[in-house]
Each structure stands twice: as C-alpha cells, then as structure tokens.
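Contents: one structure, followed by commentary.
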Amino acid sequence: MNALTVGFALCGSFCTFDRVIPQLQVLKDHGADVIPILSETAYSTDTRFGAAAHFRQNIEAVCSHKILHTLTDVEPIGPKKLLDLLIVAPCTGNTLGKLANGITDSCVTLAVKAHLRNARPVLLAVSTNDALSASAPNIGKLMNTKHVYFVPMRQDNAEKKPTSIVADFDKIYEAAKTAVQEKQLQPILL
C-alpha cells in the first residue's frame with residue numbers, strides 16, 4: 001500500500017462502523033494515503049450506534065483529509081485519476097443494487113463509477129441483511145464485473161438472520177493488496 005492513494009467509502013450499515021473505522025488506520029500504517037468518502041446518509045445520520053459528527057471527527061483525524069460527501073466532491077475522482085484503489089466498506093444492499101444496475105445517484109456510487117472508468121480496482125466489503133435473498137443477484141453480477149473485488153465474507157447470524165452476510169473487515173488490508181494486483185482474495189466465502 002506504500003505510496004498508494006486509497007479512497008475509502010462508508011455506507012449506512014452503522015452497526016459495523018466500530019469494526020470498519022479502525023481499518024482506515026491499518027491502511028495508513030501500511031503507507032496508504034486514505035481519502036475518506038461517506039454516503040450522504042452515513043455523513044449526516046445520528047443512530048443508536050453513534051452520532052454522525054463523532055464518526056466524521058474520528059475519520060478525518062485518522063485520514064488527515066476532509067470527508068468527500070457530495071456528488072461534486074467525488075466527481076473529479078475519474079477525470080483526475082485521483083485514486084489507485086477504491087474501497088466501499090461497509091457496502092450496503094442498497095449500494096450493491098445501485099452499483100450492479102448502473103445507478104449513480106449517491107456520492108459513493110458516483111465515486112465507484114468515476115473510478116472504474118479508469119479501469120482501476122474497487123473493493124467491496126458487503127454488509128447487508130438480504131445478501132442471500134434480494135441482494136444475491138446484485139452480488140453475483142458484481143462478482144462477474146471486471147475490476148470489482150470483494151472482501152471475504154460470511155453469514156453473520158445464520159439462525160436469527162439466515163440471509164445476512166457481513167465481510168470480515170479485518171481482511172480489508174489483505175484484500176486490498178490483492179485487489180491492486182487485480183486478483184480476488186480467496187476464499188471469498190468464509
């Protein structure tokens with residue numbers, strides 16, 4: 001990761017933020033310049049998992065960059081070739097659906113589209129309760145999309161939430177290293 005510029009986009013799976021945000025520091029510790037991106041929802045929504053302002057403050061402190069959170073903030077990613085790798089973690093079912101179907105109406109989906117136009121890698125860390133139901137076709141479609149890779153994932157509570165999948169966020173760095181080599185970290189299903 002040394003000397004790479006990595007975009008790190010967070011979507012609104014707020015229950016995972018306590019496991020995802022530390023991965024920003026892991027990337028920084030390995031020499032990456034990390035550019036934070038928050039979906040409009042993640043940027044502005046206070047939840048039972050924490051206040052949006054608190055998350056924003058922590059993210060900007062780790063990354064030493066202002067958070068990109070609007071369409072106009074992320075649009076230059078493509079034309080200016082700003083990133084070597086773009087990570088979306090957590091990547092919600094909503095974002096998966098939009099990416100799989102070419103919908104770019106949020107700053108995260110536009111960032112991905114802008115980045116992919118340069119044939120550069122995108123790494124998705126799935127976190128959605130419907131991964132093995134409504135979101136399954138979208139995951140399958142994205143697994144077959146050039147330059148799109150996944151952080152290894154597993155069911156997070158097979159008995160109480162049988163269709164739910166969550167990425168192993170501790171594998172983000174390892175998956176990022178392979179994604180920049182245009183390879184999928186295996187096994188993808190844990």
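By convention in this document, the chains of the structure tokens carry letters A, B, ... by their order, each chain's residues are numbered from 1, and ligands are numbered from 1 in the order they are shown.
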- Message: Considering only strand (DSSP E or B) as DSSP defines it on the backbone, what residues of chain A qualify? List them as a PyMOL selection string.
- Response: chain A and resi 5-10+33-38+47+50+68+85-91+122-128+148-150+153-155+165-167+189
- Task: Identify, on the basis of only C-alpha atoms, every residue whose closest approach to A:Gln181 does not exceed 12 Å; exclude the query and any residue fewer than 5 positions from it along the same chain; express the result as a ChimeraX atom specification.
- Result: /A:1,84-85,120-123,147-149,174-176
Using only C-alpha atoms, I'd like a table of the residues in stretch 112-141 of chain A that come within 12 Å of stretch 49-73 of chain A; for each, show the closest atom pair and its distance in Å rounded to one decimal, ordered by chain and ascending number, as JSON lines.
```
{"residue": "A:Val112", "atom": "CA", "partner": "A:Leu71", "partner_atom": "CA", "distance": 11.5}
{"residue": "A:Lys113", "atom": "CA", "partner": "A:Leu71", "partner_atom": "CA", "distance": 11.6}
{"residue": "A:Ala114", "atom": "CA", "partner": "A:Leu71", "partner_atom": "CA", "distance": 10.8}
```
- Restricting to only C-alpha atoms, whichever of A:Arg154, A:Ile21, A:Gly12, A:Glu159 is closest to A:Gly93 is A:Gly12
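In terms of minimum interatomic distance to A:Ala42, A:Cys107 ranks closest within A:Val74, A:Leu83, A:Leu185, A:Cys107, counting only C-alpha atoms.
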- Item | Given only C-alpha atoms as the counted atoms, nearest of A:Leu4, A:Val26, A:Val126, A:Met143 to A:Ser164 |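 So, comparing all the options, the nearest one is A:Val126.
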- Select, from A:Lys98, A:Lys183, A:Arg48, A:Lys80, the residue with the minimum atom-to-atom distance to A:Asn138, counting only C-alpha atoms. A:Lys98
- Query: With only C-alpha atoms as the basis for distance, which of A:Thr45, A:Thr95, A:Gln155, A:Thr145 is at the shortest distance from A:Glu182?
  - Reply: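 Once distances to A:Glu182 are computed over only C-alpha atoms, the minimum belongs to A:Thr145.
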- Between A:Pro152, A:Gly7, A:Pro162, A:Pro76, which one has atoms that come closest to A:Thr178, using only C-alpha atoms?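 For A:Thr178, the nearest of the given residues is A:Pro152.
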- Message: Going by DSSP on the backbone, which residues of stretch 28-105 of chain A come out as helix (DSSP H, G or I)? List them as number ranges by chain.
- Response: A: 28-29, 40-44, 52-63, 71-77, 93-100
Residues as selected, N, CA, C and O atoms, written as a compact mmCIF listing (two decimals), in the first residue's frame, can you do that?
```txt
# COMPACT_ATOMS: atom_id res chain seq x y z
N LYS A 28 -3.41 3.27 6.67
CA LYS A 28 -2.44 4.35 6.89
C LYS A 28 -1.12 3.79 7.41
O LYS A 28 -0.05 4.20 6.96
N ASP A 29 -1.20 2.84 8.35
CA ASP A 29 0.02 2.24 8.92
C ASP A 29 0.84 1.51 7.88
O ASP A 29 2.05 1.34 8.06
N GLU A 40 -24.20 10.11 1.73
CA GLU A 40 -24.96 11.21 2.32
C GLU A 40 -25.60 10.76 3.64
O GLU A 40 -25.61 11.51 4.62
N THR A 41 -26.11 9.54 3.68
CA THR A 41 -26.75 9.02 4.89
C THR A 41 -25.72 8.83 6.00
O THR A 41 -25.93 9.24 7.14
N ALA A 42 -24.60 8.21 5.69
CA ALA A 42 -23.57 7.98 6.70
C ALA A 42 -23.00 9.30 7.22
O ALA A 42 -22.66 9.41 8.40
N TYR A 43 -22.93 10.31 6.36
CA TYR A 43 -22.37 11.60 6.75
C TYR A 43 -23.26 12.35 7.74
O TYR A 43 -22.76 13.04 8.62
N SER A 44 -24.58 12.18 7.62
CA SER A 44 -25.47 13.07 8.35
C SER A 44 -26.40 12.41 9.37
O SER A 44 -27.12 13.12 10.07
N ALA A 52 -23.29 11.14 14.06
CA ALA A 52 -22.59 11.34 12.79
C ALA A 52 -21.38 12.24 12.97
O ALA A 52 -20.31 11.96 12.41
N ALA A 53 -21.51 13.30 13.74
CA ALA A 53 -20.39 14.23 13.96
C ALA A 53 -19.20 13.52 14.60
O ALA A 53 -18.04 13.80 14.27
N HIS A 54 -19.47 12.61 15.52
CA HIS A 54 -18.40 11.85 16.18
C HIS A 54 -17.66 10.97 15.16
O HIS A 54 -16.42 10.95 15.14
N PHE A 55 -18.41 10.26 14.32
CA PHE A 55 -17.78 9.43 13.30
C PHE A 55 -16.96 10.29 12.34
O PHE A 55 -15.82 9.94 11.99
N ARG A 56 -17.53 11.40 11.90
CA ARG A 56 -16.81 12.28 10.97
C ARG A 56 -15.51 12.77 11.57
O ARG A 56 -14.46 12.77 10.92
N GLN A 57 -15.56 13.20 12.82
CA GLN A 57 -14.37 13.70 13.50
C GLN A 57 -13.28 12.63 13.58
O GLN A 57 -12.11 12.89 13.27
N ASN A 58 -13.66 11.40 13.95
CA ASN A 58 -12.69 10.31 14.06
C ASN A 58 -12.09 9.98 12.70
O ASN A 58 -10.88 9.76 12.58
N ILE A 59 -12.92 9.92 11.68
CA ILE A 59 -12.46 9.57 10.33
C ILE A 59 -11.48 10.61 9.81
O ILE A 59 -10.41 10.29 9.29
N GLU A 60 -11.82 11.88 9.95
CA GLU A 60 -10.94 12.94 9.46
C GLU A 60 -9.64 12.99 10.24
O GLU A 60 -8.58 13.27 9.67
N ALA A 61 -9.69 12.69 11.54
CA ALA A 61 -8.47 12.67 12.35
C ALA A 61 -7.52 11.58 11.87
O ALA A 61 -6.30 11.79 11.78
N VAL A 62 -8.05 10.41 11.57
CA VAL A 62 -7.21 9.30 11.10
C VAL A 62 -6.66 9.58 9.71
O VAL A 62 -5.47 9.40 9.45
N CYS A 63 -7.51 10.04 8.82
CA CYS A 63 -7.13 10.18 7.41
C CYS A 63 -6.37 11.46 7.10
O CYS A 63 -5.68 11.54 6.07
N LEU A 71 -21.91 14.81 -4.45
CA LEU A 71 -21.62 14.43 -5.84
C LEU A 71 -20.49 15.27 -6.42
O LEU A 71 -19.61 14.75 -7.11
N THR A 72 -20.50 16.57 -6.13
CA THR A 72 -19.45 17.44 -6.67
C THR A 72 -18.09 17.15 -6.04
O THR A 72 -17.06 17.34 -6.69
N ASP A 73 -18.08 16.65 -4.79
CA ASP A 73 -16.81 16.28 -4.16
C ASP A 73 -16.15 15.11 -4.89
O ASP A 73 -14.93 15.08 -5.04
N VAL A 74 -16.95 14.10 -5.27
CA VAL A 74 -16.38 12.86 -5.81
C VAL A 74 -16.25 12.84 -7.33
O VAL A 74 -15.51 12.01 -7.86
N GLU A 75 -16.93 13.71 -8.03
CA GLU A 75 -16.91 13.69 -9.49
C GLU A 75 -15.50 13.74 -10.08
O GLU A 75 -15.20 13.03 -11.05
N PRO A 76 -14.56 14.51 -9.51
CA PRO A 76 -13.20 14.56 -10.09
C PRO A 76 -12.40 13.27 -9.96
O PRO A 76 -11.33 13.15 -10.57
N ILE A 77 -12.86 12.29 -9.18
CA ILE A 77 -12.11 11.05 -8.99
C ILE A 77 -11.76 10.42 -10.33
O ILE A 77 -10.63 9.96 -10.51
N GLY A 93 -26.72 -3.30 0.97
CA GLY A 93 -27.53 -3.86 -0.10
C GLY A 93 -28.00 -2.80 -1.07
O GLY A 93 -28.07 -3.04 -2.28
N ASN A 94 -28.35 -1.64 -0.55
CA ASN A 94 -28.79 -0.54 -1.40
C ASN A 94 -27.68 -0.13 -2.37
O ASN A 94 -27.91 0.02 -3.57
N THR A 95 -26.47 0.01 -1.86
CA THR A 95 -25.35 0.39 -2.70
C THR A 95 -25.01 -0.72 -3.69
O THR A 95 -24.73 -0.46 -4.87
N LEU A 96 -25.04 -1.98 -3.25
CA LEU A 96 -24.81 -3.11 -4.16
C LEU A 96 -25.78 -3.06 -5.33
O LEU A 96 -25.39 -3.24 -6.49
N GLY A 97 -27.07 -2.84 -5.03
CA GLY A 97 -28.09 -2.79 -6.07
C GLY A 97 -27.85 -1.67 -7.06
O GLY A 97 -27.98 -1.86 -8.28
N LYS A 98 -27.47 -0.52 -6.56
CA LYS A 98 -27.20 0.61 -7.44
C LYS A 98 -25.98 0.34 -8.32
O LYS A 98 -26.01 0.60 -9.52
N LEU A 99 -24.92 -0.18 -7.71
CA LEU A 99 -23.71 -0.46 -8.49
C LEU A 99 -23.97 -1.51 -9.56
O LEU A 99 -23.50 -1.37 -10.70
N ALA A 100 -24.70 -2.56 -9.21
CA ALA A 100 -24.97 -3.64 -10.16
C ALA A 100 -25.83 -3.18 -11.33
O ALA A 100 -25.77 -3.78 -12.41
```
- Just the residues within 12 Å of A:Lys161, please, counting only C-alpha atoms, with nothing from its chain fewer than 4 positions along; format it as JSON, numbers by chain. {"A": [128, 129, 130, 131, 132, 133, 154, 155, 156, 157, 165, 166]}
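A straight line drawn from atom CA of A:Ile188 to atom CA of A:Ala111 is 24.0 Å long.
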